[in-house]
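Pasting start24.txt here (compact mmCIF, all heavy atoms):
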# COMPACT_ATOMS: atom_id res chain seq x y z
N MET A 1 -27.94 54.06 15.42
CA MET A 1 -27.80 55.02 14.36
C MET A 1 -26.40 54.89 13.76
O MET A 1 -25.44 54.63 14.45
CB MET A 1 -28.04 56.42 14.89
CG MET A 1 -27.85 57.50 13.86
SD MET A 1 -28.33 59.11 14.45
CE MET A 1 -29.89 59.23 13.64
N TYR A 2 -26.32 55.09 12.46
CA TYR A 2 -25.05 54.99 11.74
C TYR A 2 -24.65 56.34 11.15
O TYR A 2 -25.49 57.21 10.93
CB TYR A 2 -25.18 53.99 10.58
CG TYR A 2 -25.43 52.59 11.04
CD1 TYR A 2 -26.71 52.06 11.01
CD2 TYR A 2 -24.39 51.78 11.49
CE1 TYR A 2 -26.95 50.76 11.42
CE2 TYR A 2 -24.61 50.48 11.90
CZ TYR A 2 -25.89 49.98 11.87
OH TYR A 2 -26.12 48.69 12.27
N GLU A 3 -23.37 56.47 10.91
CA GLU A 3 -22.88 57.60 10.14
C GLU A 3 -22.09 57.03 8.96
O GLU A 3 -21.61 55.90 9.01
CB GLU A 3 -22.02 58.55 10.98
CG GLU A 3 -20.76 57.96 11.54
CD GLU A 3 -19.98 58.98 12.36
OE1 GLU A 3 -19.98 60.18 12.02
OE2 GLU A 3 -19.36 58.56 13.34
N TYR A 4 -22.01 57.83 7.89
CA TYR A 4 -21.41 57.35 6.64
C TYR A 4 -20.33 58.30 6.17
O TYR A 4 -20.34 59.49 6.49
CB TYR A 4 -22.49 57.21 5.56
CG TYR A 4 -23.53 56.20 5.95
CD1 TYR A 4 -24.66 56.58 6.66
CD2 TYR A 4 -23.35 54.86 5.65
CE1 TYR A 4 -25.60 55.65 7.05
CE2 TYR A 4 -24.28 53.92 6.02
CZ TYR A 4 -25.41 54.32 6.72
OH TYR A 4 -26.32 53.38 7.11
N LYS A 5 -19.40 57.74 5.41
CA LYS A 5 -18.30 58.52 4.84
C LYS A 5 -18.08 57.99 3.43
O LYS A 5 -18.09 56.78 3.21
CB LYS A 5 -17.04 58.32 5.69
CG LYS A 5 -15.80 58.97 5.16
CD LYS A 5 -14.57 58.57 5.99
CE LYS A 5 -14.49 59.26 7.29
NZ LYS A 5 -13.97 60.62 7.25
N VAL A 6 -17.90 58.89 2.47
CA VAL A 6 -17.61 58.51 1.08
C VAL A 6 -16.26 59.10 0.71
O VAL A 6 -16.03 60.30 0.87
CB VAL A 6 -18.71 59.01 0.12
CG1 VAL A 6 -18.36 58.65 -1.32
CG2 VAL A 6 -20.07 58.44 0.50
N GLU A 7 -15.37 58.24 0.23
CA GLU A 7 -14.02 58.65 -0.14
C GLU A 7 -13.71 58.15 -1.55
O GLU A 7 -14.26 57.14 -1.99
CB GLU A 7 -12.99 58.06 0.82
CG GLU A 7 -13.15 58.49 2.26
CD GLU A 7 -12.68 59.91 2.53
OE1 GLU A 7 -11.95 60.47 1.69
OE2 GLU A 7 -13.05 60.45 3.57
N VAL A 8 -12.81 58.86 -2.23
CA VAL A 8 -12.34 58.45 -3.56
C VAL A 8 -10.85 58.18 -3.44
O VAL A 8 -10.10 59.02 -2.93
CB VAL A 8 -12.61 59.55 -4.62
CG1 VAL A 8 -12.06 59.13 -5.97
CG2 VAL A 8 -14.10 59.84 -4.71
N TYR A 9 -10.44 56.99 -3.89
CA TYR A 9 -9.04 56.58 -3.78
C TYR A 9 -8.52 56.09 -5.12
O TYR A 9 -9.28 55.53 -5.92
CB TYR A 9 -8.88 55.41 -2.80
CG TYR A 9 -9.31 55.70 -1.41
CD1 TYR A 9 -10.36 55.00 -0.83
CD2 TYR A 9 -8.65 56.65 -0.63
CE1 TYR A 9 -10.76 55.24 0.46
CE2 TYR A 9 -9.05 56.90 0.67
CZ TYR A 9 -10.10 56.19 1.21
OH TYR A 9 -10.49 56.44 2.50
N ARG A 10 -7.23 56.20 -5.31
CA ARG A 10 -6.57 55.50 -6.41
C ARG A 10 -6.57 54.02 -6.02
O ARG A 10 -6.40 53.68 -4.84
CB ARG A 10 -5.14 55.99 -6.59
CG ARG A 10 -5.08 57.38 -7.15
CD ARG A 10 -3.65 57.69 -7.60
NE ARG A 10 -3.62 58.90 -8.39
CZ ARG A 10 -3.88 58.94 -9.69
NH1 ARG A 10 -4.18 57.86 -10.33
NH2 ARG A 10 -3.85 60.08 -10.33
N VAL A 11 -6.74 53.15 -6.98
CA VAL A 11 -6.86 51.72 -6.71
C VAL A 11 -5.68 51.21 -5.89
O VAL A 11 -5.86 50.47 -4.92
CB VAL A 11 -7.03 50.94 -8.03
CG1 VAL A 11 -6.98 49.45 -7.78
CG2 VAL A 11 -8.32 51.33 -8.72
N LYS A 12 -4.48 51.60 -6.24
CA LYS A 12 -3.28 51.10 -5.56
C LYS A 12 -3.18 51.55 -4.11
O LYS A 12 -2.48 50.93 -3.32
CB LYS A 12 -2.02 51.51 -6.32
CG LYS A 12 -1.89 50.80 -7.65
CD LYS A 12 -0.61 51.16 -8.34
CE LYS A 12 -0.49 50.39 -9.65
NZ LYS A 12 0.78 50.62 -10.32
N GLU A 13 -3.85 52.63 -3.73
CA GLU A 13 -3.79 53.16 -2.37
C GLU A 13 -4.99 52.75 -1.52
O GLU A 13 -4.98 52.95 -0.30
CB GLU A 13 -3.71 54.68 -2.42
CG GLU A 13 -2.51 55.21 -3.18
CD GLU A 13 -2.62 56.69 -3.51
OE1 GLU A 13 -3.66 57.31 -3.22
OE2 GLU A 13 -1.66 57.21 -4.09
N ALA A 14 -5.99 52.18 -2.13
CA ALA A 14 -7.27 51.94 -1.45
C ALA A 14 -7.14 51.01 -0.26
O ALA A 14 -7.69 51.28 0.82
CB ALA A 14 -8.29 51.41 -2.43
N GLU A 15 -6.44 49.89 -0.40
CA GLU A 15 -6.34 48.92 0.68
C GLU A 15 -5.74 49.54 1.95
O GLU A 15 -6.27 49.37 3.04
CB GLU A 15 -5.51 47.72 0.24
CG GLU A 15 -5.39 46.65 1.31
CD GLU A 15 -4.58 45.45 0.86
OE1 GLU A 15 -4.10 45.42 -0.29
OE2 GLU A 15 -4.42 44.54 1.68
N LYS A 16 -4.67 50.28 1.78
CA LYS A 16 -4.02 50.94 2.92
C LYS A 16 -4.98 51.90 3.61
O LYS A 16 -5.10 51.92 4.84
CB LYS A 16 -2.77 51.67 2.44
CG LYS A 16 -2.07 52.45 3.51
CD LYS A 16 -0.87 53.22 2.94
CE LYS A 16 -0.37 54.20 3.94
NZ LYS A 16 -0.37 55.56 3.47
N GLU A 17 -5.68 52.71 2.82
CA GLU A 17 -6.60 53.69 3.38
C GLU A 17 -7.80 53.02 4.06
O GLU A 17 -8.25 53.47 5.13
CB GLU A 17 -7.08 54.65 2.29
CG GLU A 17 -5.96 55.46 1.66
CD GLU A 17 -5.27 56.40 2.64
OE1 GLU A 17 -5.90 56.85 3.62
OE2 GLU A 17 -4.08 56.67 2.43
N MET A 18 -8.32 51.94 3.47
CA MET A 18 -9.45 51.23 4.09
C MET A 18 -9.03 50.63 5.42
O MET A 18 -9.78 50.71 6.41
CB MET A 18 -9.97 50.15 3.15
CG MET A 18 -10.77 50.69 2.00
SD MET A 18 -11.51 49.35 1.06
CE MET A 18 -10.56 49.45 -0.43
N ASN A 19 -7.84 50.04 5.48
CA ASN A 19 -7.35 49.46 6.73
C ASN A 19 -7.13 50.54 7.79
O ASN A 19 -7.39 50.32 8.97
CB ASN A 19 -6.06 48.68 6.50
CG ASN A 19 -6.31 47.35 5.85
OD1 ASN A 19 -7.34 46.71 6.06
ND2 ASN A 19 -5.38 46.91 5.02
N GLU A 20 -6.69 51.71 7.38
CA GLU A 20 -6.48 52.80 8.33
C GLU A 20 -7.81 53.25 8.94
O GLU A 20 -7.90 53.44 10.16
CB GLU A 20 -5.78 53.97 7.63
CG GLU A 20 -5.34 55.08 8.54
CD GLU A 20 -4.31 54.65 9.58
OE1 GLU A 20 -3.51 53.75 9.32
OE2 GLU A 20 -4.33 55.25 10.68
N LEU A 21 -8.83 53.42 8.12
CA LEU A 21 -10.14 53.83 8.65
C LEU A 21 -10.79 52.74 9.50
O LEU A 21 -11.54 53.04 10.44
CB LEU A 21 -11.07 54.26 7.52
CG LEU A 21 -10.78 55.65 6.94
CD1 LEU A 21 -11.65 55.93 5.72
CD2 LEU A 21 -11.01 56.72 7.99
N ALA A 22 -10.50 51.49 9.21
CA ALA A 22 -11.04 50.38 10.01
C ALA A 22 -10.58 50.48 11.47
O ALA A 22 -11.32 50.10 12.39
CB ALA A 22 -10.64 49.04 9.41
N LYS A 23 -9.41 51.03 11.69
CA LYS A 23 -8.90 51.21 13.05
C LYS A 23 -9.80 52.15 13.87
O LYS A 23 -9.79 52.10 15.09
CB LYS A 23 -7.49 51.79 13.02
CG LYS A 23 -6.46 50.85 12.43
CD LYS A 23 -5.11 51.55 12.34
CE LYS A 23 -4.08 50.69 11.64
NZ LYS A 23 -2.79 51.40 11.48
N PHE A 24 -10.56 52.98 13.18
CA PHE A 24 -11.44 53.94 13.84
C PHE A 24 -12.91 53.52 13.78
O PHE A 24 -13.81 54.33 13.98
CB PHE A 24 -11.26 55.33 13.21
CG PHE A 24 -9.86 55.84 13.34
CD1 PHE A 24 -8.98 55.76 12.29
CD2 PHE A 24 -9.42 56.37 14.54
CE1 PHE A 24 -7.67 56.22 12.40
CE2 PHE A 24 -8.11 56.83 14.67
CZ PHE A 24 -7.24 56.75 13.60
N GLY A 25 -13.15 52.25 13.48
CA GLY A 25 -14.50 51.71 13.50
C GLY A 25 -15.26 51.78 12.19
O GLY A 25 -16.42 51.36 12.14
N TRP A 26 -14.66 52.29 11.13
CA TRP A 26 -15.33 52.36 9.84
C TRP A 26 -15.27 51.02 9.14
O TRP A 26 -14.24 50.34 9.19
CB TRP A 26 -14.67 53.41 8.94
CG TRP A 26 -14.86 54.81 9.42
CD1 TRP A 26 -13.95 55.56 10.10
CD2 TRP A 26 -16.02 55.62 9.28
NE1 TRP A 26 -14.47 56.80 10.38
CE2 TRP A 26 -15.75 56.86 9.88
CE3 TRP A 26 -17.27 55.42 8.70
CZ2 TRP A 26 -16.68 57.89 9.93
CZ3 TRP A 26 -18.19 56.46 8.73
CH2 TRP A 26 -17.89 57.67 9.35
N ARG A 27 -16.36 50.61 8.51
CA ARG A 27 -16.35 49.39 7.71
C ARG A 27 -16.84 49.71 6.31
O ARG A 27 -17.73 50.54 6.11
CB ARG A 27 -17.16 48.29 8.37
CG ARG A 27 -18.59 48.26 8.09
CD ARG A 27 -19.27 47.12 8.87
NE ARG A 27 -20.69 47.29 8.66
CZ ARG A 27 -21.41 46.55 7.84
NH1 ARG A 27 -20.87 45.55 7.20
NH2 ARG A 27 -22.68 46.80 7.68
N VAL A 28 -16.24 49.05 5.34
CA VAL A 28 -16.59 49.27 3.93
C VAL A 28 -17.94 48.62 3.64
O VAL A 28 -18.14 47.45 3.96
CB VAL A 28 -15.51 48.68 3.00
CG1 VAL A 28 -15.93 48.80 1.54
CG2 VAL A 28 -14.18 49.37 3.23
N ILE A 29 -18.85 49.39 3.05
CA ILE A 29 -20.14 48.81 2.67
C ILE A 29 -20.35 48.83 1.15
O ILE A 29 -21.26 48.18 0.65
CB ILE A 29 -21.33 49.49 3.39
CG1 ILE A 29 -21.39 50.98 3.09
CG2 ILE A 29 -21.25 49.24 4.88
CD1 ILE A 29 -22.66 51.64 3.55
N SER A 30 -19.50 49.58 0.43
CA SER A 30 -19.65 49.64 -1.02
C SER A 30 -18.35 50.11 -1.66
O SER A 30 -17.69 51.01 -1.14
CB SER A 30 -20.78 50.59 -1.39
OG SER A 30 -20.87 50.77 -2.78
N VAL A 31 -18.02 49.50 -2.80
CA VAL A 31 -16.89 49.94 -3.62
C VAL A 31 -17.38 49.99 -5.05
O VAL A 31 -17.92 49.02 -5.56
CB VAL A 31 -15.68 48.99 -3.51
CG1 VAL A 31 -14.55 49.46 -4.42
CG2 VAL A 31 -15.20 48.88 -2.07
N THR A 32 -17.18 51.14 -5.70
CA THR A 32 -17.66 51.34 -7.07
C THR A 32 -16.55 51.98 -7.89
O THR A 32 -15.83 52.86 -7.40
CB THR A 32 -18.88 52.30 -7.06
OG1 THR A 32 -19.85 51.82 -6.14
CG2 THR A 32 -19.49 52.40 -8.44
N SER A 33 -16.41 51.54 -9.13
CA SER A 33 -15.42 52.19 -10.00
C SER A 33 -15.88 53.61 -10.30
O SER A 33 -17.08 53.88 -10.39
CB SER A 33 -15.22 51.40 -11.29
OG SER A 33 -16.40 51.38 -12.04
N ASN A 34 -14.94 54.49 -10.45
CA ASN A 34 -15.23 55.90 -10.70
C ASN A 34 -15.11 56.15 -12.20
O ASN A 34 -14.05 56.46 -12.71
CB ASN A 34 -14.26 56.78 -9.91
CG ASN A 34 -14.62 58.25 -9.99
OD1 ASN A 34 -15.71 58.61 -10.40
ND2 ASN A 34 -13.69 59.09 -9.60
N GLU A 35 -16.20 56.02 -12.90
CA GLU A 35 -16.23 56.21 -14.35
C GLU A 35 -16.64 57.65 -14.63
O GLU A 35 -17.72 58.08 -14.25
CB GLU A 35 -17.26 55.28 -14.99
CG GLU A 35 -17.08 53.84 -14.61
CD GLU A 35 -16.23 53.08 -15.60
OE1 GLU A 35 -16.14 53.52 -16.75
OE2 GLU A 35 -15.66 52.07 -15.20
N CYS A 36 -15.77 58.39 -15.28
CA CYS A 36 -16.12 59.75 -15.67
C CYS A 36 -15.36 60.11 -16.95
O CYS A 36 -14.58 59.32 -17.46
CB CYS A 36 -15.82 60.74 -14.54
SG CYS A 36 -14.09 61.00 -14.25
N LEU A 37 -15.58 61.28 -17.43
CA LEU A 37 -14.99 61.68 -18.69
C LEU A 37 -13.50 62.00 -18.58
O LEU A 37 -12.79 61.96 -19.56
CB LEU A 37 -15.73 62.89 -19.24
CG LEU A 37 -17.20 62.65 -19.57
CD1 LEU A 37 -17.85 63.96 -20.02
CD2 LEU A 37 -17.35 61.60 -20.66
N SER A 38 -13.04 62.30 -17.40
CA SER A 38 -11.64 62.67 -17.21
C SER A 38 -10.75 61.43 -17.19
O SER A 38 -11.00 60.50 -16.45
CB SER A 38 -11.48 63.43 -15.90
OG SER A 38 -10.13 63.61 -15.61
N TRP A 39 -9.68 61.43 -17.96
CA TRP A 39 -8.76 60.28 -17.98
C TRP A 39 -8.04 60.12 -16.66
O TRP A 39 -7.61 59.04 -16.30
CB TRP A 39 -7.76 60.40 -19.13
CG TRP A 39 -6.80 61.53 -18.96
CD1 TRP A 39 -6.97 62.81 -19.38
CD2 TRP A 39 -5.54 61.49 -18.30
NE1 TRP A 39 -5.89 63.57 -19.03
CE2 TRP A 39 -4.99 62.78 -18.37
CE3 TRP A 39 -4.82 60.49 -17.66
CZ2 TRP A 39 -3.77 63.10 -17.80
CZ3 TRP A 39 -3.58 60.81 -17.10
CH2 TRP A 39 -3.08 62.10 -17.18
N THR A 40 -7.93 61.17 -15.87
CA THR A 40 -7.21 61.09 -14.59
C THR A 40 -7.97 60.31 -13.54
O THR A 40 -7.37 59.85 -12.58
CB THR A 40 -6.91 62.50 -14.05
OG1 THR A 40 -8.14 63.21 -13.88
CG2 THR A 40 -6.01 63.27 -14.98
N ALA A 41 -9.27 60.13 -13.71
CA ALA A 41 -10.07 59.43 -12.71
C ALA A 41 -10.29 57.96 -13.04
O ALA A 41 -10.93 57.26 -12.29
CB ALA A 41 -11.42 60.14 -12.56
N LYS A 42 -9.75 57.48 -14.14
CA LYS A 42 -10.02 56.11 -14.55
C LYS A 42 -9.44 55.06 -13.63
O LYS A 42 -9.91 53.94 -13.61
CB LYS A 42 -9.53 55.88 -15.98
CG LYS A 42 -10.37 56.64 -16.99
CD LYS A 42 -10.12 56.09 -18.39
CE LYS A 42 -10.85 56.90 -19.42
NZ LYS A 42 -12.26 56.75 -19.44
N ASP A 43 -8.44 55.38 -12.85
CA ASP A 43 -7.89 54.39 -11.92
C ASP A 43 -8.31 54.67 -10.48
O ASP A 43 -7.59 54.37 -9.54
CB ASP A 43 -6.37 54.34 -12.04
CG ASP A 43 -5.69 55.62 -11.57
OD1 ASP A 43 -6.37 56.66 -11.52
OD2 ASP A 43 -4.50 55.57 -11.24
N THR A 44 -9.49 55.26 -10.30
CA THR A 44 -9.98 55.55 -8.96
C THR A 44 -11.27 54.79 -8.67
O THR A 44 -11.99 54.38 -9.58
CB THR A 44 -10.23 57.06 -8.74
OG1 THR A 44 -11.20 57.51 -9.68
CG2 THR A 44 -8.95 57.86 -8.91
N ILE A 45 -11.51 54.60 -7.37
CA ILE A 45 -12.74 53.95 -6.91
C ILE A 45 -13.39 54.82 -5.85
O ILE A 45 -12.73 55.59 -5.17
CB ILE A 45 -12.48 52.54 -6.35
CG1 ILE A 45 -11.42 52.56 -5.25
CG2 ILE A 45 -12.09 51.58 -7.47
CD1 ILE A 45 -11.20 51.24 -4.57
N VAL A 46 -14.70 54.67 -5.73
CA VAL A 46 -15.47 55.36 -4.70
C VAL A 46 -15.79 54.33 -3.62
O VAL A 46 -16.37 53.28 -3.92
CB VAL A 46 -16.77 55.96 -5.28
CG1 VAL A 46 -17.57 56.65 -4.19
CG2 VAL A 46 -16.46 56.91 -6.42
N VAL A 47 -15.39 54.62 -2.39
CA VAL A 47 -15.59 53.70 -1.28
C VAL A 47 -16.52 54.34 -0.28
O VAL A 47 -16.30 55.48 0.15
CB VAL A 47 -14.25 53.35 -0.60
CG1 VAL A 47 -14.46 52.37 0.53
CG2 VAL A 47 -13.25 52.80 -1.61
N THR A 48 -17.58 53.62 0.10
CA THR A 48 -18.52 54.10 1.10
C THR A 48 -18.30 53.32 2.39
O THR A 48 -18.25 52.09 2.38
CB THR A 48 -19.97 53.92 0.63
OG1 THR A 48 -20.13 54.57 -0.64
CG2 THR A 48 -20.96 54.51 1.63
N PHE A 49 -18.15 54.05 3.49
CA PHE A 49 -17.91 53.47 4.80
C PHE A 49 -19.11 53.72 5.71
O PHE A 49 -19.85 54.69 5.53
CB PHE A 49 -16.70 54.13 5.47
CG PHE A 49 -15.40 53.92 4.75
CD1 PHE A 49 -14.97 54.81 3.78
CD2 PHE A 49 -14.58 52.86 5.08
CE1 PHE A 49 -13.77 54.64 3.13
CE2 PHE A 49 -13.37 52.67 4.43
CZ PHE A 49 -12.96 53.56 3.46
N GLU A 50 -19.23 52.88 6.75
CA GLU A 50 -20.30 53.02 7.73
C GLU A 50 -19.72 52.69 9.10
O GLU A 50 -18.84 51.84 9.21
CB GLU A 50 -21.41 52.01 7.39
CG GLU A 50 -22.50 51.88 8.42
CD GLU A 50 -23.45 50.76 8.06
OE1 GLU A 50 -23.13 49.58 8.34
OE2 GLU A 50 -24.51 51.06 7.50
N ARG A 51 -20.23 53.35 10.13
CA ARG A 51 -19.89 52.98 11.51
C ARG A 51 -21.02 53.42 12.44
O ARG A 51 -21.83 54.31 12.10
CB ARG A 51 -18.56 53.56 11.96
CG ARG A 51 -18.56 55.04 12.24
CD ARG A 51 -17.22 55.47 12.80
NE ARG A 51 -17.19 56.92 12.99
CZ ARG A 51 -16.12 57.59 13.39
NH1 ARG A 51 -15.00 56.95 13.65
NH2 ARG A 51 -16.16 58.89 13.53
N ASN A 52 -21.07 52.80 13.60
CA ASN A 52 -22.05 53.21 14.60
C ASN A 52 -21.70 54.61 15.10
O ASN A 52 -20.53 54.90 15.33
CB ASN A 52 -22.06 52.24 15.79
CG ASN A 52 -22.75 50.95 15.46
OD1 ASN A 52 -23.77 50.95 14.78
ND2 ASN A 52 -22.18 49.86 15.90
N LYS A 53 -22.70 55.41 15.25
CA LYS A 53 -22.47 56.79 15.70
C LYS A 53 -22.42 56.83 17.21
O LYS A 53 -23.07 56.15 17.90
CB LYS A 53 -23.57 57.70 15.18
CG LYS A 53 -23.29 59.14 15.39
CD LYS A 53 -24.20 59.99 14.56
CE LYS A 53 -23.79 61.44 14.73
NZ LYS A 53 -24.52 62.31 13.91

Take the structure in this file and express it as structure tokens.
Amino acid sequence: MYEYKVEVYRVKEAEKEMNELAKFGWRVISVTSNECLSWTAKDTIVVTFERNK
């Protein structure tokens, strides 16, 4: 069985945060740009993680 986590990161901070969660067994299964109407979200991505429960 797996558990999932969805996080939103600024592009420049994403690598550091992904590596930090990897230490706890999380692996990235999807990265998507965060397109929305707000100009503040244009430099963010949605990252989906998975790990064994």

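Backbone DSSP over chain A gives strand (DSSP E) for A:Tyr2, A:Glu3, A:Tyr4, A:Lys5, A:Val6, A:Glu7, A:Val8, A:Tyr9, A:Arg10, A:Arg27, A:Val28, A:Ile29, A:Ser30, A:Val31, A:Thr32, A:Ser33, A:Thr44, A:Ile45, A:Val46, A:Val47, A:Thr48, A:Phe49, A:Glu50, A:Arg51, A:Asn52.
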
Measure the distance from CA of Ser30 in chain A to CA of Glu13 in chain A in Å and round it to one decimal.
16.3 Å

Which residues, written as a ChimeraX atom specification, have at least one atom at most 12 Å from range 22-28 of chain A, with only C-alpha atoms counted and residues fewer than 5 positions away on the same chain left out?
/A:2-7,14-17,46-53

Based on the backbone DSSP call, show me all residues of chain A assigned helix (DSSP H, G or I), as a PyMOL selection string.
chain A and resi 11-22+39-41

Here OG of Ser33 in chain A and CG1 of Ile45 in chain A stand apart by 8.5 Å

Report the distance between CA of Leu21 in chain A and OE1 of Glu35 in chain A in Å, rounded to one decimal place.
26.1 Å
